[in-house]
Amino acid sequence: MSDNRGPAPDGATDGAATAQADTRSVKTGSLSSLVNTAGVYGIALLFLVLGAVLQFTGAIGNFLSPQNLLNIVDAVALVGIVAVGMSFVTYSGNYADMSVPTTMGLTGYICIELLRYGFIPAIIGAIGVSLLIGVLNGFVVGKFKANPIIWTLAVNYVTMGIIRLVWVNKQIYPDMKGSSPDVVALFDAIYRLRFFKLIGLPLVILILLVVIGQFVLTKTSFGVKLKLTGSAPKAAKLSGIPIETVIMTSFVLAAFTAAIAGLAVTSLSRVGAWYNGAGYDFKAVTAIVIGGMTLAGGRGTILGVLGGSLIIGILNNIMTLIGIGTFSQDMVRGAIFILVVGINAKSLRSLGRDDA
Amino acid sequence: MNEESMGLALEMKGVRKSFPGTIAVDDVDFEVRPGEVHALVGENGAGKSTLMKMIAGSFDDYEGQIIVKGREVRLHTPTIAKKFGIGMIYQELSLARPISITENLLAGRLPRKGPFLDKRLAKRQARSLLEGVGLDLDPDLPIEDISQHEAQLVEIAKVLGNDPIILVMDEPTSALSREEVERLFAIIDQLRKRGIAIVYISHHLPEIFKIADRVTVMRDGKKIATKPIGEVTREEIVQMMVGRSVKEFYKRQERTIGEARLRVKGLSRFGFFHDVDFEARRGEILGICGLSGAGRTELARVLVGLDRADAGSIEVDGSPVRGSTMAEHLEQGIAYLTEDRKIEGLALRLAVDDNILSAIIDRLSSASVFSKSKGMQRVRALIGELSIYPPDPSRTVGNLSGGNQQKVLLAKWLASEPKVLILDEPTRGVDIGAKMTIHSSIEKLARQGCTVLLISSDLPELVGLTDRVMIMRKGHFTREMDYGECSEESLLLAANGDVGTGEGRAS
Ligand SMILES: Nc1ncnc2c1ncn2[C@@H]1O[C@H](COP(=O)(O)OP(=O)(O)OP(=O)(O)O)[C@@H](O)[C@H]1O
Ligand SMILES: [Mg+2]
């Protein structure tokens, strides 16, 4: 450890003198986040290697087959889309949006119902309804400081109830609502689009969202305000930042990407069902925290969240190939979640008292 | 251990602690005797808090020896430190805010009846601890509902409840009113008589001459000297602190005061203040003086849009201030430096530059794209002007020393170039040199035409810096004094309603 206190023997309060002496200080902030993001991708790579090893030892079949790799990419794309939007909520210091599963489900129903009015109106209508859920969540959490987890969980169940009430416990199919066959075919085909026979539309959307999300988070005034809101809401408010609006926007973004993922699932499964989004809430949160975004808010990157989604996608695939049931898969994900949150809390504490 | 160290409550030998890029404490010897009040002084960033955090068990990687009651100990966690009877009152309040006073006071040793919490007993214990520091509060209140200075006293009560044999107080009075300071000194006196060893950190030298037995001066992480208080003068201490002789008081410079800028008419917030009328002009520094509870902070919060007024109007440059949020008021030029810097003032987890620019995000953005580089010149200039140490914009604010955090807070508001700047205790916790720097920055701001409202418990600061002082008592403006009339005595008398009980220095 070198001494760069800049002793300035007879002028310790002289700003100019000390300013020159202290140029060697470390920029821990940006460096450590870079290391963290790289680390996330390193872990993703490790899981890939793990899959390959399992295949070579014969524990699982065909992990490395093109079809399976494509499956992984598709799964990653869907989780990633949800996670990118939800990470804004996490970054704002409000943990997670647990209303994502039924938001996804509801968009499917609305879209299929509206297909009879054409493709574009159906998409816009479905996204519009989900944005309303986002506005509601953001308003209640931002303005009335409701506990975000409890509130969005409640909204999830209420939405579920509404779906089951309105569609009397039934799933609906794109071709049963008297919509024109052309529109149905288009809706059917759109998420199956593969550019160069390889890259699916969800992946393209995910990459776009990551690029835009990263830009919004780091380069826009909204992103800077979000960082302050997430790190120190009171101080942000007293700096004149409209934190209610900022929080509201983050929930709207989460609802928006949930809607896009919901449409994708509906199109791919050709069915509108309440369970279309089941499990995406927890998969997304896990991807977010694995990706280095801490639940305390104001820390992390979208690039990291993409890495987290990769890990979750690969892990799910391996577990499915091994033949682990969904219930046990949830347990594994839960254990990982607790582990990551625990490690985060500990490493923060060792850096000095965290003010969270 | 030899005989001499047997008689000491605490001895530190050659201790050293470094952070990445900084040696905060460098080869320091320090000792405290039972029944002694040992003052620890030094400039902001000298290493005082770090030295004391070492014995409070905050670090597990310090070097050197720590000897408690003649026995060498490794104080690697707060729990160990507590076991050896070390109590620490932190510079920054460390109470859990949404939790009740009782639970904070008795954390870790709440009385139980079988498996359940014994609420009645807990409340009784809490009440008696509060009485010990002269507080009459409902122990069920959450910390966030009581004022700063009450919270500070609760913190003191909490530490005393653990019966420490070595008690460290890191700037305990910076958030207290004058009456409360007197009360604290009485408590310290009792503790000293009981043989407790006390380390007392303060930037307020008169306090040190009043209660300390010995004083240790630190500079740049090193110990400069330890002296019995009777053998040094104030000037000598200051000289040891900064390494050269300094003029202590900022010389007042001429300023021209322009036309009216802030006009407040019949402003009321029921239950806090009533019918407040005043005018403040361009380039004027207007002081607001009053006891704790007089309504000063509440007035500031209404002026800046944090709380709603029940009646009255606010005008800036002839046009009424629109909107009811802080953001809107800020846009129209009214800014507010809060008395609380940890929660309301700064984002401690973020960097110095992020904090300094946090009030001007929109101004640095075009088409919603934020350009940090556009603001960096201003950040560097302010770091230089206020001599924020270390002068590195990328440092995490929470890792700066207390006084330097306060400078960052001021820098944030200077950067926003407001028309009206309300300062609530702007020099809390800063050292003598920094106080002068801050005062000259405030004057410079006024010279540029900004109207400054200064709320301060520091009477010399009010007297020396302001053009005019308004006296606030029980929610009303009762008097106004010009620069010529102002003195510490006259302000005190007026704040107390001319009854002259000798109390004052409110918060
Ligand atoms: N957690 C930390 N990480 C990095 N540097 C730190 C940390 N804590 C303190 N420092 C540095 O160590 C030095 C000593 O800080 P310390 O808080 O002990 O000063 P102080 O004497 O208490 O000052 P003040 O009067 O302003 O409270 C400062 O240069 C500070 O920036
Ligand atoms: Mg300190």
# chains A, B, ... in the order shown; residues from 1 in each chain; ligands from 1
call {"tool": "residues_near_ligand", "arguments": {"ligand": "ligand 1", "cutoff": "7 Å", "atoms": "only C-alpha atoms and all ligand atoms", "output": "list in words"}}
result
Gly352 of chain A; Phe19, Pro20, Thr22, Ile23, Ala24, Gly42, Glu43, Asn44, Gly45, Ala46, Gly47, Lys48, Ser49, Thr50, Leu51, Gly221, Tyr389, Pro390, Asn399, Leu400, Ser401, Gly402, Gly403, Asn404, Gly429, Val430 and Asp431 of chain B
call {"tool": "interface_residues", "arguments": {"of": "chain B", "to": "chain A", "cutoff": "6 Å", "atoms": "only C-alpha atoms", "output": "PyMOL selection string"}}
result
chain B and resi 21-22+243+326-327+344-347+359+368-370+384+387+391
call {"tool": "write_last_selection", "arguments": {"atoms": "N, CA and C atoms", "output": "JSON list (two decimals), in the first residue's frame"}}
result
[["chain", "number", "residue", "atom", "x", "y", "z"],
["B", 21, "GLY", "N", -5.69, 3.32, -1.03],
["B", 21, "GLY", "CA", -5.32, 4.68, -1.42],
["B", 21, "GLY", "C", -5.10, 5.64, -0.27],
["B", 22, "THR", "N", -5.34, 5.21, 0.96],
["B", 22, "THR", "CA", -5.20, 6.14, 2.09],
["B", 22, "THR", "C", -4.66, 5.41, 3.31],
["B", 243, "GLY", "N", -0.81, 22.58, 11.29],
["B", 243, "GLY", "CA", 0.59, 22.58, 10.94],
["B", 243, "GLY", "C", 1.14, 23.95, 10.61],
["B", 326, "MET", "N", -41.14, 19.79, -4.12],
["B", 326, "MET", "CA", -39.76, 20.24, -4.02],
["B", 326, "MET", "C", -39.18, 20.47, -5.42],
["B", 327, "ALA", "N", -39.49, 19.55, -6.34],
["B", 327, "ALA", "CA", -38.92, 19.67, -7.68],
["B", 327, "ALA", "C", -39.34, 20.99, -8.33],
["B", 344, "GLU", "N", -31.22, 12.46, 4.37],
["B", 344, "GLU", "CA", -31.91, 13.38, 3.48],
["B", 344, "GLU", "C", -30.94, 14.14, 2.58],
["B", 345, "GLY", "N", -29.70, 14.23, 3.01],
["B", 345, "GLY", "CA", -28.78, 15.08, 2.27],
["B", 345, "GLY", "C", -28.02, 14.36, 1.17],
["B", 346, "LEU", "N", -27.41, 13.22, 1.50],
["B", 346, "LEU", "CA", -26.49, 12.60, 0.56],
["B", 346, "LEU", "C", -26.90, 11.17, 0.23],
["B", 347, "ALA", "N", -26.51, 10.74, -0.96],
["B", 347, "ALA", "CA", -26.60, 9.33, -1.29],
["B", 347, "ALA", "C", -25.24, 8.74, -0.95],
["B", 359, "ALA", "N", -28.62, 17.51, -8.11],
["B", 359, "ALA", "CA", -29.73, 18.47, -8.16],
["B", 359, "ALA", "C", -29.82, 19.16, -9.51],
["B", 368, "SER", "N", -33.03, 14.39, -23.02],
["B", 368, "SER", "CA", -33.04, 13.28, -22.06],
["B", 368, "SER", "C", -31.72, 12.53, -21.96],
["B", 369, "VAL", "N", -30.72, 12.92, -22.71],
["B", 369, "VAL", "CA", -29.43, 12.26, -22.58],
["B", 369, "VAL", "C", -28.57, 13.06, -21.60],
["B", 370, "PHE", "N", -28.11, 12.36, -20.57],
["B", 370, "PHE", "CA", -27.37, 13.02, -19.50],
["B", 370, "PHE", "C", -25.90, 13.10, -19.86],
["B", 384, "GLY", "N", -12.17, 21.78, -5.41],
["B", 384, "GLY", "CA", -11.05, 22.66, -5.13],
["B", 384, "GLY", "C", -11.45, 23.79, -4.19],
["B", 387, "SER", "N", -12.07, 22.58, -0.81],
["B", 387, "SER", "CA", -11.01, 21.62, -0.47],
["B", 387, "SER", "C", -11.57, 20.32, 0.12],
["B", 391, "PRO", "N", -9.44, 14.74, -2.96],
["B", 391, "PRO", "CA", -10.05, 15.48, -4.06],
["B", 391, "PRO", "C", -10.31, 14.61, -5.28]]
call {"tool": "residues_around", "arguments": {"residues": "region 85-88 of chain B", "least_positions_apart": "6", "cutoff": "6 Å", "atoms": "only C-alpha atoms", "output": "short mmCIF file (atom, residue, chain, number, x, y, z; two decimals) with C-alpha atoms, in the first residue's frame"}}
result
data_model
loop_
_atom_site.label_atom_id
_atom_site.label_comp_id
_atom_site.auth_asym_id
_atom_site.auth_seq_id
_atom_site.Cartn_x
_atom_site.Cartn_y
_atom_site.Cartn_z
CA VAL B 159 -24.75 3.31 24.71
CA PRO B 164 -19.37 0.96 29.25
CA ILE B 165 -16.05 1.41 31.02
CA ILE B 166 -14.59 3.22 28.04
CA LEU B 167 -16.91 5.61 26.29
CA VAL B 168 -16.13 7.19 22.94
#
call {"tool": "select_by_dssp", "arguments": {"residues": "region 96-206 of chain A", "states": "strand (DSSP E or B)", "output": "list in words"}}
result
Ile172, Arg194, Phe195, Ile199 and Gly200 of chain A
call {"tool": "write_last_selection", "arguments": {"atoms": "N, CA and C atoms", "output": "compact mmCIF listing (two decimals), in the first residue's frame"}}
result
# COMPACT_ATOMS: atom_id res chain seq x y z
N ILE A 172 -58.01 -19.95 -24.10
CA ILE A 172 -58.59 -19.64 -25.42
C ILE A 172 -57.52 -19.75 -26.50
N ARG A 194 -37.46 -16.98 -37.88
CA ARG A 194 -36.06 -17.17 -37.57
C ARG A 194 -35.23 -16.49 -38.64
N PHE A 195 -34.53 -15.47 -38.22
CA PHE A 195 -33.65 -14.81 -39.18
C PHE A 195 -32.49 -15.74 -39.48
N ILE A 199 -31.74 -17.22 -35.78
CA ILE A 199 -31.99 -16.26 -34.71
C ILE A 199 -33.48 -15.96 -34.62
N GLY A 200 -34.08 -16.36 -33.50
CA GLY A 200 -35.51 -16.14 -33.35
C GLY A 200 -35.82 -14.69 -33.00
call {"tool": "residues_around", "arguments": {"residues": "Lys223 (chain B)", "least_positions_apart": "4", "cutoff": "12 Å", "atoms": "only C-alpha atoms", "output": "ChimeraX atom specification"}}
result
/B:12-16,24-31,40-42,46-48,51,215-219,227,240-241
